[in-house]
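File shown: model25.tsv. Contents: TSV, C-alpha atoms.
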chain	number	residue	atom	x	y	z
A	1	MET	CA	-61.67	132.42	-124.54
A	2	SER	CA	-60.52	136.02	-124.87
A	3	SER	CA	-62.92	138.81	-125.81
A	4	VAL	CA	-62.80	142.46	-126.81
A	5	TRP	CA	-64.43	143.14	-123.41
A	6	ASP	CA	-61.65	141.59	-121.33
A	7	ASP	CA	-60.22	144.95	-120.20
A	8	VAL	CA	-63.60	146.28	-119.07
A	9	VAL	CA	-63.55	145.39	-115.38
A	10	GLY	CA	-66.41	145.25	-112.91
A	11	GLN	CA	-68.97	146.67	-115.33
A	12	THR	CA	-71.28	143.73	-116.10
A	13	THR	CA	-74.40	145.85	-116.64
A	14	ALA	CA	-72.63	148.27	-119.00
A	15	ILE	CA	-71.17	145.41	-121.05
A	16	GLU	CA	-74.56	143.72	-121.36
A	17	ARG	CA	-76.16	146.94	-122.58
A	18	LEU	CA	-73.38	147.57	-125.11
A	19	LYS	CA	-73.51	144.02	-126.46
A	20	ALA	CA	-77.27	144.35	-126.91
A	21	ALA	CA	-76.81	147.70	-128.66
A	22	ALA	CA	-74.22	146.26	-131.04
A	23	ASP	CA	-76.46	143.28	-131.85
A	24	SER	CA	-79.61	145.35	-132.45
A	25	GLY	CA	-77.86	148.21	-134.28
A	26	PRO	CA	-76.18	151.07	-132.40
A	27	VAL	CA	-77.62	154.55	-132.28
A	28	HIS	CA	-75.74	157.68	-133.36
A	29	ALA	CA	-74.21	158.67	-129.99
A	30	TYR	CA	-73.38	157.16	-126.60
A	31	LEU	CA	-72.33	158.89	-123.40
A	32	PHE	CA	-70.19	156.81	-121.02
A	33	VAL	CA	-70.31	158.38	-117.54
A	34	GLY	CA	-68.21	157.18	-114.63
A	35	PRO	CA	-65.24	157.97	-112.40
A	36	PRO	CA	-61.61	157.76	-113.54
A	37	GLY	CA	-60.26	154.23	-113.58
A	38	SER	CA	-63.68	152.63	-114.07
A	39	THR	CA	-62.47	151.30	-117.47
A	40	LYS	CA	-64.96	153.34	-119.48
A	41	TRP	CA	-62.20	154.25	-121.97
A	42	GLN	CA	-61.45	150.55	-122.45
A	43	ALA	CA	-65.19	150.01	-122.91
A	44	ALA	CA	-65.29	152.69	-125.59
A	45	ARG	CA	-62.53	150.93	-127.52
A	46	ALA	CA	-64.19	147.55	-127.01
A	47	PHE	CA	-67.55	148.86	-128.23
A	48	ALA	CA	-65.89	150.41	-131.28
A	49	ALA	CA	-64.11	147.11	-131.95
A	50	ARG	CA	-67.39	145.20	-131.69
A	51	VAL	CA	-69.21	147.61	-133.99
A	52	ILE	CA	-66.44	147.80	-136.61
A	53	SER	CA	-65.52	144.08	-136.65
A	54	GLY	CA	-68.97	142.62	-136.06
A	55	GLY	CA	-67.72	140.22	-133.39
A	56	ASP	CA	-66.04	139.84	-130.00
A	57	ASP	CA	-62.79	138.21	-131.16
A	58	PRO	CA	-59.92	140.54	-130.16
A	59	ALA	CA	-57.55	138.80	-132.61
A	60	GLN	CA	-59.66	139.75	-135.62
A	61	ARG	CA	-57.80	142.43	-137.57
A	62	ASP	CA	-60.32	145.29	-137.23
A	63	ALA	CA	-60.95	144.53	-133.57
A	64	ARG	CA	-57.24	144.32	-132.80
A	65	LEU	CA	-56.56	147.70	-134.40
A	66	ALA	CA	-59.54	149.35	-132.68
A	67	LEU	CA	-58.48	148.02	-129.28
A	68	SER	CA	-54.98	149.42	-129.74
A	69	GLY	CA	-56.23	152.82	-130.96
A	70	GLU	CA	-54.83	152.31	-134.47
A	71	HIS	CA	-57.88	151.63	-136.65
A	72	PRO	CA	-58.32	154.29	-139.38
A	73	ASP	CA	-62.07	154.40	-138.81
A	74	VAL	CA	-61.88	154.72	-135.02
A	75	ARG	CA	-60.70	158.23	-134.22
A	76	GLU	CA	-59.75	159.02	-130.63
A	77	VAL	CA	-59.82	162.63	-129.43
A	78	ARG	CA	-58.17	163.72	-126.20
A	79	ARG	CA	-57.93	167.29	-124.99
A	80	SER	CA	-54.72	169.11	-125.88
A	81	GLY	CA	-54.89	171.66	-123.05
A	82	ALA	CA	-56.64	172.22	-119.75
A	83	SER	CA	-60.01	171.83	-121.47
A	84	ILE	CA	-61.51	170.87	-124.83
A	85	SER	CA	-61.38	174.11	-126.76
A	86	ALA	CA	-63.61	175.53	-129.48
A	87	GLU	CA	-60.80	174.82	-131.94
A	88	GLN	CA	-60.79	171.14	-131.00
A	89	ALA	CA	-64.59	171.08	-131.22
A	90	ARG	CA	-64.47	172.44	-134.78
A	91	GLU	CA	-61.95	169.74	-135.72
A	92	ILE	CA	-64.25	167.06	-134.27
A	93	VAL	CA	-67.13	168.42	-136.36
A	94	ARG	CA	-64.93	168.36	-139.47
A	95	VAL	CA	-63.71	164.81	-138.90
A	96	SER	CA	-67.22	163.56	-138.20
A	97	SER	CA	-68.29	164.67	-141.69
A	98	LEU	CA	-65.66	162.55	-143.44
A	99	ALA	CA	-66.56	159.16	-144.89
A	100	PRO	CA	-65.08	156.00	-143.34
A	101	THR	CA	-61.81	154.83	-144.87
A	102	GLU	CA	-62.24	151.06	-144.75
A	103	SER	CA	-65.50	150.22	-143.00
A	104	ASN	CA	-69.12	151.20	-143.44
A	105	ARG	CA	-69.01	153.08	-140.13
A	106	LYS	CA	-66.69	155.55	-138.42
A	107	VAL	CA	-66.48	155.79	-134.60
A	108	LEU	CA	-65.30	158.94	-132.82
A	109	ILE	CA	-64.24	158.35	-129.21
A	110	LEU	CA	-64.10	161.61	-127.25
A	111	ASP	CA	-62.33	161.57	-123.87
A	112	GLU	CA	-62.84	163.75	-120.75
A	113	PHE	CA	-65.84	165.51	-122.22
A	114	HIS	CA	-66.75	166.92	-118.82
A	115	LEU	CA	-63.96	169.41	-119.64
A	116	LEU	CA	-65.64	170.65	-122.83
A	117	ARG	CA	-65.85	174.44	-122.86
A	118	PRO	CA	-69.35	175.96	-123.33
A	119	GLU	CA	-68.52	177.40	-126.75
A	120	GLY	CA	-67.30	173.96	-127.82
A	121	ALA	CA	-70.55	172.39	-126.64
A	122	ALA	CA	-72.52	174.90	-128.71
A	123	LEU	CA	-70.45	174.10	-131.80
A	124	MET	CA	-70.88	170.35	-131.42
A	125	LEU	CA	-74.52	170.05	-130.40
A	126	LYS	CA	-76.00	169.84	-133.89
A	127	THR	CA	-73.35	167.38	-135.10
A	128	ILE	CA	-73.83	165.01	-132.15
A	129	GLU	CA	-77.61	165.28	-132.49
A	130	GLU	CA	-77.58	164.51	-136.23
A	131	PRO	CA	-74.22	163.13	-137.39
A	132	PRO	CA	-73.80	161.60	-140.86
A	133	PRO	CA	-75.35	158.08	-141.02
A	134	SER	CA	-71.91	156.47	-141.08
A	135	THR	CA	-70.62	158.29	-137.96
A	136	MET	CA	-71.11	157.16	-134.37
A	137	PHE	CA	-69.96	159.08	-131.28
A	138	VAL	CA	-68.77	157.47	-128.05
A	139	ILE	CA	-68.31	160.25	-125.48
A	140	CYS	CA	-66.53	159.58	-122.17
A	141	ALA	CA	-67.05	161.87	-119.17
A	142	ASP	CA	-66.37	161.60	-115.45
A	143	PHE	CA	-69.66	163.38	-114.76
A	144	VAL	CA	-72.23	165.51	-116.60
A	145	PRO	CA	-71.70	169.24	-115.92
A	146	HIS	CA	-74.28	171.87	-116.80
A	147	GLU	CA	-72.61	172.53	-120.17
A	148	LEU	CA	-73.14	168.89	-121.18
A	149	ILE	CA	-76.79	168.48	-120.19
A	150	THR	CA	-78.15	169.29	-123.65
A	151	ILE	CA	-75.60	167.06	-125.41
A	152	SER	CA	-76.28	164.32	-122.86
A	153	SER	CA	-79.96	164.36	-123.76
A	154	ARG	CA	-79.03	163.51	-127.37
A	155	CYS	CA	-77.03	160.41	-126.35
A	156	ALA	CA	-77.74	156.94	-125.03
A	157	ARG	CA	-76.19	157.04	-121.56
A	158	ILE	CA	-74.18	154.13	-120.16
A	159	ASP	CA	-73.15	154.43	-116.51
A	160	PHE	CA	-69.89	153.06	-115.11
A	161	ARG	CA	-69.33	152.55	-111.40
A	162	ALA	CA	-66.25	152.76	-109.22
A	163	ILE	CA	-64.85	149.21	-109.20
A	164	ALA	CA	-65.27	147.24	-105.98
A	165	ASP	CA	-62.12	146.58	-103.93
A	166	GLY	CA	-62.48	142.82	-104.27
A	167	VAL	CA	-62.83	143.01	-108.05
A	168	ILE	CA	-59.73	145.21	-108.30
A	169	ALA	CA	-57.74	142.86	-106.06
A	170	ALA	CA	-58.80	139.84	-108.13
A	171	ARG	CA	-57.77	141.59	-111.33
A	172	LEU	CA	-54.37	142.53	-109.90
A	173	LEU	CA	-53.79	138.90	-108.90
A	174	THR	CA	-54.37	137.80	-112.51
A	175	GLU	CA	-51.79	140.39	-113.59
A	176	GLY	CA	-49.11	138.88	-111.36
A	177	VAL	CA	-49.42	141.13	-108.29
A	178	GLY	CA	-48.90	139.40	-104.94
A	179	PRO	CA	-51.91	138.90	-102.61
A	180	VAL	CA	-50.72	141.36	-99.94
A	181	GLU	CA	-49.85	144.08	-102.47
A	182	ALA	CA	-53.11	143.51	-104.37
A	183	GLN	CA	-55.18	143.85	-101.19
A	184	ALA	CA	-53.42	147.03	-100.07
A	185	ALA	CA	-53.52	148.65	-103.51
A	186	SER	CA	-57.19	147.85	-104.08
A	187	LYS	CA	-58.21	149.44	-100.77
A	188	ALA	CA	-56.15	152.59	-101.40
A	189	ALA	CA	-57.25	153.01	-105.02
A	190	LEU	CA	-60.82	154.13	-104.19
A	191	GLY	CA	-62.34	152.17	-107.07
A	192	ASP	CA	-59.78	153.26	-109.68
A	193	LEU	CA	-58.12	150.30	-111.42
A	194	ASP	CA	-55.48	152.45	-113.11
A	195	ARG	CA	-54.42	153.86	-109.77
A	196	ALA	CA	-54.45	150.41	-108.18
A	197	ARG	CA	-52.01	149.14	-110.79
A	198	LEU	CA	-49.67	152.00	-109.99
A	199	LEU	CA	-49.99	151.54	-106.23
A	200	ALA	CA	-49.37	147.80	-106.49
A	201	THR	CA	-45.73	148.49	-107.39
A	202	ASP	CA	-45.35	151.32	-104.85
A	203	PRO	CA	-43.28	150.29	-101.82
A	204	GLY	CA	-44.14	153.53	-100.01
A	205	LEU	CA	-47.91	152.98	-99.96
A	206	ALA	CA	-48.01	151.58	-96.42
A	207	GLU	CA	-45.79	154.38	-95.07
A	208	ARG	CA	-47.96	157.10	-96.63
A	209	ARG	CA	-51.10	155.55	-95.22
A	210	LYS	CA	-49.46	155.32	-91.80
A	211	ALA	CA	-48.44	158.99	-92.02
A	212	PHE	CA	-51.98	160.15	-92.80
A	213	LEU	CA	-53.39	157.90	-90.06
A	214	ALA	CA	-51.02	159.53	-87.55
A	215	VAL	CA	-52.13	163.10	-88.29
A	216	SER	CA	-55.04	163.00	-85.84
A	217	THR	CA	-52.76	162.00	-82.98
A	218	SER	CA	-49.97	164.43	-83.93
A	219	VAL	CA	-51.85	167.72	-84.18
A	220	ASP	CA	-51.41	170.25	-81.38
A	221	GLY	CA	-52.94	173.40	-82.85
A	222	SER	CA	-49.62	175.05	-83.65
A	223	GLY	CA	-48.68	176.49	-87.00
A	224	ALA	CA	-45.20	174.97	-86.85
A	225	MET	CA	-46.65	171.50	-86.41
A	226	ALA	CA	-49.10	172.01	-89.31
A	227	MET	CA	-46.35	173.24	-91.62
A	228	GLY	CA	-44.07	170.36	-90.69
A	229	LEU	CA	-46.72	167.68	-91.21
A	230	ALA	CA	-47.85	169.19	-94.53
A	231	ARG	CA	-44.24	169.30	-95.73
A	232	GLU	CA	-43.68	165.67	-94.74
A	233	LEU	CA	-46.86	164.42	-96.42
A	234	LEU	CA	-46.20	166.29	-99.67
A	235	ALA	CA	-42.63	164.96	-99.79
A	236	MET	CA	-43.97	161.42	-99.53
A	237	ILE	CA	-46.46	162.15	-102.32
A	238	ASP	CA	-43.65	163.50	-104.51
A	239	ALA	CA	-41.70	160.28	-103.95
A	240	ALA	CA	-44.79	158.23	-104.81
A	241	ALA	CA	-44.80	159.70	-108.32
A	242	GLU	CA	-41.45	158.12	-109.18
A	243	PRO	CA	-42.90	154.89	-110.71
A	244	LEU	CA	-45.20	156.98	-112.91
A	245	ALA	CA	-42.30	159.24	-113.91
A	246	ALA	CA	-40.27	156.15	-114.84
A	247	ARG	CA	-43.09	154.90	-117.04
A	248	HIS	CA	-43.32	158.31	-118.68
A	249	ALA	CA	-39.57	158.29	-119.35
A	250	ALA	CA	-39.88	154.90	-121.05
A	251	GLU	CA	-42.70	156.21	-123.26
A	252	VAL	CA	-40.60	159.26	-124.19
A	253	ASP	CA	-37.66	157.01	-125.11
A	254	GLU	CA	-39.92	154.87	-127.28
A	255	LEU	CA	-41.34	157.93	-129.03
A	256	THR	CA	-37.86	159.40	-129.53
A	257	ALA	CA	-36.79	156.20	-131.27
A	258	ARG	CA	-39.82	156.36	-133.57
A	259	ILE	CA	-39.14	160.02	-134.37
A	260	LYS	CA	-35.58	159.16	-135.39
A	261	GLU	CA	-36.96	156.63	-137.86
A	262	SER	CA	-40.02	158.47	-139.19
A	263	GLY	CA	-39.60	162.15	-138.27
A	264	GLU	CA	-41.45	164.30	-135.75
A	265	ARG	CA	-44.38	165.35	-137.94
A	266	GLY	CA	-47.51	163.54	-136.80
A	267	SER	CA	-45.60	161.75	-134.03
A	268	GLY	CA	-47.92	162.87	-131.24
A	269	LYS	CA	-45.05	164.34	-129.19
A	270	LYS	CA	-47.07	167.30	-127.93
A	271	GLN	CA	-50.03	165.09	-127.06
A	272	LEU	CA	-47.73	162.74	-125.13
A	273	GLU	CA	-46.26	165.62	-123.15
A	274	GLU	CA	-49.73	166.95	-122.32
A	275	ARG	CA	-50.91	163.49	-121.24
A	276	HIS	CA	-47.91	163.08	-118.96
A	277	LYS	CA	-48.64	166.42	-117.29
A	278	ARG	CA	-52.29	165.44	-116.77
A	279	GLU	CA	-51.38	162.04	-115.35
A	280	LEU	CA	-48.85	163.49	-112.89
A	281	ARG	CA	-51.34	166.12	-111.77
A	282	ARG	CA	-54.07	163.53	-111.32
A	283	HIS	CA	-51.69	161.26	-109.44
A	284	ARG	CA	-50.92	164.02	-106.91
A	285	THR	CA	-54.60	164.88	-106.52
A	286	ASP	CA	-55.52	161.22	-106.07
A	287	GLU	CA	-52.80	160.80	-103.44
A	288	ILE	CA	-54.03	163.80	-101.47
A	289	ARG	CA	-57.66	162.70	-101.83
A	290	ALA	CA	-56.82	159.18	-100.59
A	291	GLY	CA	-54.85	160.63	-97.68
A	292	LEU	CA	-57.68	162.94	-96.66
A	293	ALA	CA	-60.16	160.07	-96.85
A	294	THR	CA	-57.87	158.12	-94.49
A	295	MET	CA	-57.75	161.08	-92.09
A	296	ALA	CA	-61.55	161.35	-92.09
A	297	ALA	CA	-61.80	157.65	-91.26
A	298	THR	CA	-59.53	158.08	-88.22
A	299	TYR	CA	-61.86	160.67	-86.74
A	300	ARG	CA	-64.91	158.49	-87.35
A	301	ASP	CA	-63.12	155.57	-85.68
A	302	ALA	CA	-62.02	157.78	-82.78
A	303	LEU	CA	-65.61	158.92	-82.28
A	304	THR	CA	-66.82	155.31	-82.19
A	305	ALA	CA	-64.13	154.48	-79.64
A	306	GLY	CA	-64.98	157.51	-77.50
A	307	ALA	CA	-61.53	159.02	-78.01
A	308	VAL	CA	-62.84	162.39	-79.22
A	309	GLU	CA	-65.89	164.53	-78.51
A	310	VAL	CA	-68.78	164.38	-80.96
A	311	ASP	CA	-68.62	168.06	-81.97
A	312	ALA	CA	-64.85	167.88	-82.48
A	313	ALA	CA	-65.07	164.73	-84.63
A	314	VAL	CA	-67.93	166.07	-86.73
A	315	GLY	CA	-66.11	169.38	-87.23
A	316	ALA	CA	-62.94	167.57	-88.27
A	317	VAL	CA	-64.73	165.41	-90.82
A	318	ARG	CA	-66.52	168.45	-92.23
A	319	SER	CA	-63.22	170.32	-92.55
A	320	ILE	CA	-61.64	167.37	-94.34
A	321	HIS	CA	-64.58	167.11	-96.74
A	322	ALA	CA	-64.31	170.83	-97.45
A	323	ALA	CA	-60.64	170.31	-98.31
A	324	LEU	CA	-61.62	167.44	-100.61
A	325	ASP	CA	-64.08	169.73	-102.39
A	326	ALA	CA	-61.41	172.43	-102.66
A	327	LEU	CA	-59.11	170.04	-104.56
A	328	GLU	CA	-61.44	170.36	-107.54
A	329	ARG	CA	-60.46	174.05	-107.80
A	330	ASN	CA	-56.71	173.36	-108.19
A	331	PRO	CA	-55.60	175.07	-104.94
A	332	ASN	CA	-52.14	175.55	-103.51
A	333	GLU	CA	-51.69	172.07	-102.02
A	334	ARG	CA	-49.25	173.08	-99.29
A	335	LEU	CA	-51.46	175.89	-97.99
A	336	LEU	CA	-54.55	173.67	-98.20
A	337	LEU	CA	-52.94	170.96	-96.06
A	338	GLU	CA	-51.38	173.43	-93.61
A	339	HIS	CA	-54.69	175.18	-92.99
A	340	LEU	CA	-56.56	171.89	-92.63
A	341	ILE	CA	-54.06	170.29	-90.25
A	342	TRP	CA	-53.83	173.46	-88.14
A	343	SER	CA	-57.62	173.38	-87.67
A	344	LEU	CA	-57.94	169.71	-86.67
A	345	PRO	CA	-58.46	168.55	-83.07
A	346	ALA	CA	-56.33	165.84	-81.48
A	347	ALA	CA	-57.88	162.36	-81.33
Take the structure from the file and write it as C-alpha cells.
Amino acid sequence: MSSVWDDVVGQTTAIERLKAAADSGPVHAYLFVGPPGSTKWQAARAFAARVISGGDDPAQRDARLALSGEHPDVREVRRSGASISAEQAREIVRVSSLAPTESNRKVLILDEFHLLRPEGAALMLKTIEEPPPSTMFVICADFVPHELITISSRCARIDFRAIADGVIAARLLTEGVGPVEAQAASKAALGDLDRARLLATDPGLAERRKAFLAVSTSVDGSGAMAMGLARELLAMIDAAAEPLAARHAAEVDELTARIKESGERGSGKKQLEERHKRELRRHRTDEIRAGLATMAATYRDALTAGAVEVDAAVGAVRSIHAALDALERNPNERLLLEHLIWSLPAA
C-alpha cells in the first residue's frame, strides 16, 4: 500500500519521529538537517501532507497536492540567488502571518537554510520562535552554520543521514535501473539518491572513474602533465552534465508551453532558471568531489599494497582532502586540479 512517506528513502528513524509528531500534535517549527540527496525535502513534503490531510494516503486530495508542491496552505520557499536574502526573509515573515486558505494549519517549507544570510536570520528569529498558532515551519538545511544556531535552538531537530549504497541500489532497481548500473551509480553517488539517479543513466561514469583512478600512476611532477590531466578530467565532467542539461531543456519547454497558455506573470520562470544554475553547479562540484575521493582511495590502497612510501601517501591524501575543503569556497576548478595533480607523488 502506498504512503506519503514512499519517497523518503533510508530514513527510518526520521520517519518514525515525524509520524509520532503528527499523531501527538506537531510543534511550531522543525529543522531537517542532512546532506543533499538524503530525501529531507521529500520528507518535508510528506510531513506537510500528513499534517494537512490527517493521514498517510497519498491519493487523498490534500496529501496529493502537498506532495506535488501545489497545496495553497503548504508554501515552499527556495532561495532566489546565491543565498537567502533579507528581502526573502521579510517575505517569509509576511507570509507566515497570513491565515490558512483551506485548512486549519499552514506549513512553510524553507529550503537550503544553511545559506540564510545573518541579517535574514535576525529578521526571522522572532517569527520562527513564536509564529501564529496556525503556522508551522519545516526548515531544511545541509548543516547548521553559526548563523543558524539560535534559530536551530527554537526548532525540533530531525537528522537525515547519507543513504547507504545498498539502499540506493535497491531503490534504483525498483525504478527500472539495471543491476550493474544501479550498483555502479550507488557507489559513485556518495549517499546522494538524486545524484545516483542521474549517474544511473550516465554511460560515461565508468570512464570518469577509471580516469581518476589512473591519476596516481600518471603523475610525473611536471606542470605540462598536470595541466593535461586537469583538462581531460574537466572535459569528462562537462560531458557528464549532458543528461542534466537535457532534463533542464525539457523543463524549459514545458514551462514555455504553459506561459503561452497562461502568460509569464507568476510562471516561476526566474526561479526555474536559478534552480537550473544551482543544479549544474552542484553537479560539477559533486563530480569533482567524487573524483577526488576516488583519487584518495587509490593512495590508501597503494599504501596497503606497499606501492608508495608512507609519508608520500599520507601527504597525497592530505592534499586531496585540502582540495575537497577548498571546493566549498567556489575556487577556479582548473587551477585547483592542476595544483593538486602537480603536487601528487606517483603510486
Could you please give me, as a short mmCIF file (atom, residue, chain, number, x, y, z; two decimals) with C-alpha atoms, in the frame of the given file, the residues of protein, DNA or RNA lying at most 9 Å from (-50.5, 163.0, -125.2) in the coordinate frame of the file, considering only C-alpha atoms?
data_model
loop_
_atom_site.label_atom_id
_atom_site.label_comp_id
_atom_site.auth_asym_id
_atom_site.auth_seq_id
_atom_site.Cartn_x
_atom_site.Cartn_y
_atom_site.Cartn_z
CA ARG A 78 -58.17 163.72 -126.20
CA ARG A 79 -57.93 167.29 -124.99
CA SER A 80 -54.72 169.11 -125.88
CA GLY A 268 -47.92 162.87 -131.24
CA LYS A 269 -45.05 164.34 -129.19
CA LYS A 270 -47.07 167.30 -127.93
CA GLN A 271 -50.03 165.09 -127.06
CA LEU A 272 -47.73 162.74 -125.13
CA GLU A 273 -46.26 165.62 -123.15
CA GLU A 274 -49.73 166.95 -122.32
CA ARG A 275 -50.91 163.49 -121.24
CA HIS A 276 -47.91 163.08 -118.96
CA LYS A 277 -48.64 166.42 -117.29
CA ARG A 278 -52.29 165.44 -116.77
#
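Put simply, atom CA of Glu70 of chain A is 21.4 Å away from atom CA of Asp194 of chain A.
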Quiz prompt | Closest of A:Ala59, A:Leu98, A:Ala170, A:Val314 to Pro345 of chain A - atom-to-atom distances counting all atoms listed in the file | solution =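 Among the listed residues, A:Val314 lies closest to Pro345 of chain A.
Checking A:Gly37, A:Gly315, A:Gly291, A:Gly54 one by one against Leu198 of chain A, counting all atoms listed in the file, you find the shortest gap at A:Gly37.
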Exercise. Excluding Leu125 of chain A and any residue of its chain fewer than 2 positions from it, enumerate the residues within 12 Å of it, using only C-alpha atoms, and give them as a PyMOL selection string.
Key: chain A and resi 29+89-90+92-93+116+118-123+127-131+137+147-155
Box dimensions and centre (Å, one decimal) enclosing segment 21-36 of chain A, axis-aligned, 5 Å extra per side, as JSON:
{"center_x": -70.6, "center_y": 151.1, "center_z": -123.3, "size_x": 28.0, "size_y": 25.6, "size_z": 31.9}
Could all heavy atoms be built for segment 317-325 of chain A and written out as a JSON list (two decimals), in the frame of the given file?
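What ended up in rebuild.json:
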[["chain", "number", "residue", "atom", "x", "y", "z"],
["A", 317, "VAL", "N", -64.31, 166.07, -89.58],
["A", 317, "VAL", "CA", -64.73, 165.41, -90.82],
["A", 317, "VAL", "C", -65.26, 166.43, -91.82],
["A", 317, "VAL", "O", -64.98, 166.36, -93.02],
["A", 317, "VAL", "CB", -65.79, 164.33, -90.52],
["A", 317, "VAL", "CG1", -66.38, 163.77, -91.81],
["A", 317, "VAL", "CG2", -65.16, 163.19, -89.70],
["A", 318, "ARG", "N", -66.01, 167.41, -91.32],
["A", 318, "ARG", "CA", -66.52, 168.45, -92.23],
["A", 318, "ARG", "C", -65.37, 169.26, -92.84],
["A", 318, "ARG", "O", -65.40, 169.59, -94.03],
["A", 318, "ARG", "CB", -67.48, 169.37, -91.47],
["A", 318, "ARG", "CG", -68.84, 168.75, -91.22],
["A", 318, "ARG", "CD", -69.73, 169.69, -90.41],
["A", 318, "ARG", "NE", -71.07, 169.14, -90.25],
["A", 318, "ARG", "CZ", -71.98, 169.64, -89.43],
["A", 318, "ARG", "NH1", -71.68, 170.72, -88.68],
["A", 318, "ARG", "NH2", -73.17, 169.10, -89.33],
["A", 319, "SER", "N", -64.37, 169.57, -92.04],
["A", 319, "SER", "CA", -63.22, 170.32, -92.55],
["A", 319, "SER", "C", -62.47, 169.52, -93.61],
["A", 319, "SER", "O", -62.02, 170.06, -94.63],
["A", 319, "SER", "CB", -62.26, 170.68, -91.40],
["A", 319, "SER", "OG", -62.88, 171.57, -90.50],
["A", 320, "ILE", "N", -62.33, 168.22, -93.37],
["A", 320, "ILE", "CA", -61.64, 167.37, -94.34],
["A", 320, "ILE", "C", -62.44, 167.28, -95.64],
["A", 320, "ILE", "O", -61.88, 167.35, -96.74],
["A", 320, "ILE", "CB", -61.40, 165.97, -93.74],
["A", 320, "ILE", "CG1", -60.40, 166.07, -92.58],
["A", 320, "ILE", "CG2", -60.87, 165.01, -94.80],
["A", 320, "ILE", "CD1", -60.29, 164.81, -91.74],
["A", 321, "HIS", "N", -63.75, 167.16, -95.54],
["A", 321, "HIS", "CA", -64.58, 167.11, -96.74],
["A", 321, "HIS", "C", -64.53, 168.43, -97.51],
["A", 321, "HIS", "O", -64.55, 168.44, -98.75],
["A", 321, "HIS", "CB", -66.03, 166.77, -96.37],
["A", 321, "HIS", "CG", -66.22, 165.33, -96.03],
["A", 321, "HIS", "ND1", -67.42, 164.80, -95.64],
["A", 321, "HIS", "CD2", -65.34, 164.28, -96.01],
["A", 321, "HIS", "CE1", -67.30, 163.51, -95.40],
["A", 321, "HIS", "NE2", -66.03, 163.18, -95.62],
["A", 322, "ALA", "N", -64.45, 169.53, -96.78],
["A", 322, "ALA", "CA", -64.31, 170.83, -97.45],
["A", 322, "ALA", "C", -62.99, 170.90, -98.21],
["A", 322, "ALA", "O", -62.92, 171.45, -99.32],
["A", 322, "ALA", "CB", -64.39, 171.97, -96.42],
["A", 323, "ALA", "N", -61.93, 170.35, -97.62],
["A", 323, "ALA", "CA", -60.64, 170.31, -98.31],
["A", 323, "ALA", "C", -60.71, 169.43, -99.55],
["A", 323, "ALA", "O", -60.12, 169.74, -100.59],
["A", 323, "ALA", "CB", -59.56, 169.80, -97.35],
["A", 324, "LEU", "N", -61.43, 168.31, -99.45],
["A", 324, "LEU", "CA", -61.62, 167.44, -100.61],
["A", 324, "LEU", "C", -62.33, 168.19, -101.74],
["A", 324, "LEU", "O", -61.96, 168.08, -102.91],
["A", 324, "LEU", "CB", -62.42, 166.20, -100.21],
["A", 324, "LEU", "CG", -61.66, 165.11, -99.44],
["A", 324, "LEU", "CD1", -62.64, 164.13, -98.80],
["A", 324, "LEU", "CD2", -60.70, 164.39, -100.36],
["A", 325, "ASP", "N", -63.36, 168.94, -101.38],
["A", 325, "ASP", "CA", -64.08, 169.73, -102.39],
["A", 325, "ASP", "C", -63.16, 170.79, -103.00],
["A", 325, "ASP", "O", -63.22, 171.05, -104.21],
["A", 325, "ASP", "CB", -65.29, 170.42, -101.76],
["A", 325, "ASP", "CG", -66.38, 169.43, -101.38],
["A", 325, "ASP", "OD1", -66.37, 168.30, -101.91],
["A", 325, "ASP", "OD2", -67.22, 169.77, -100.53]]
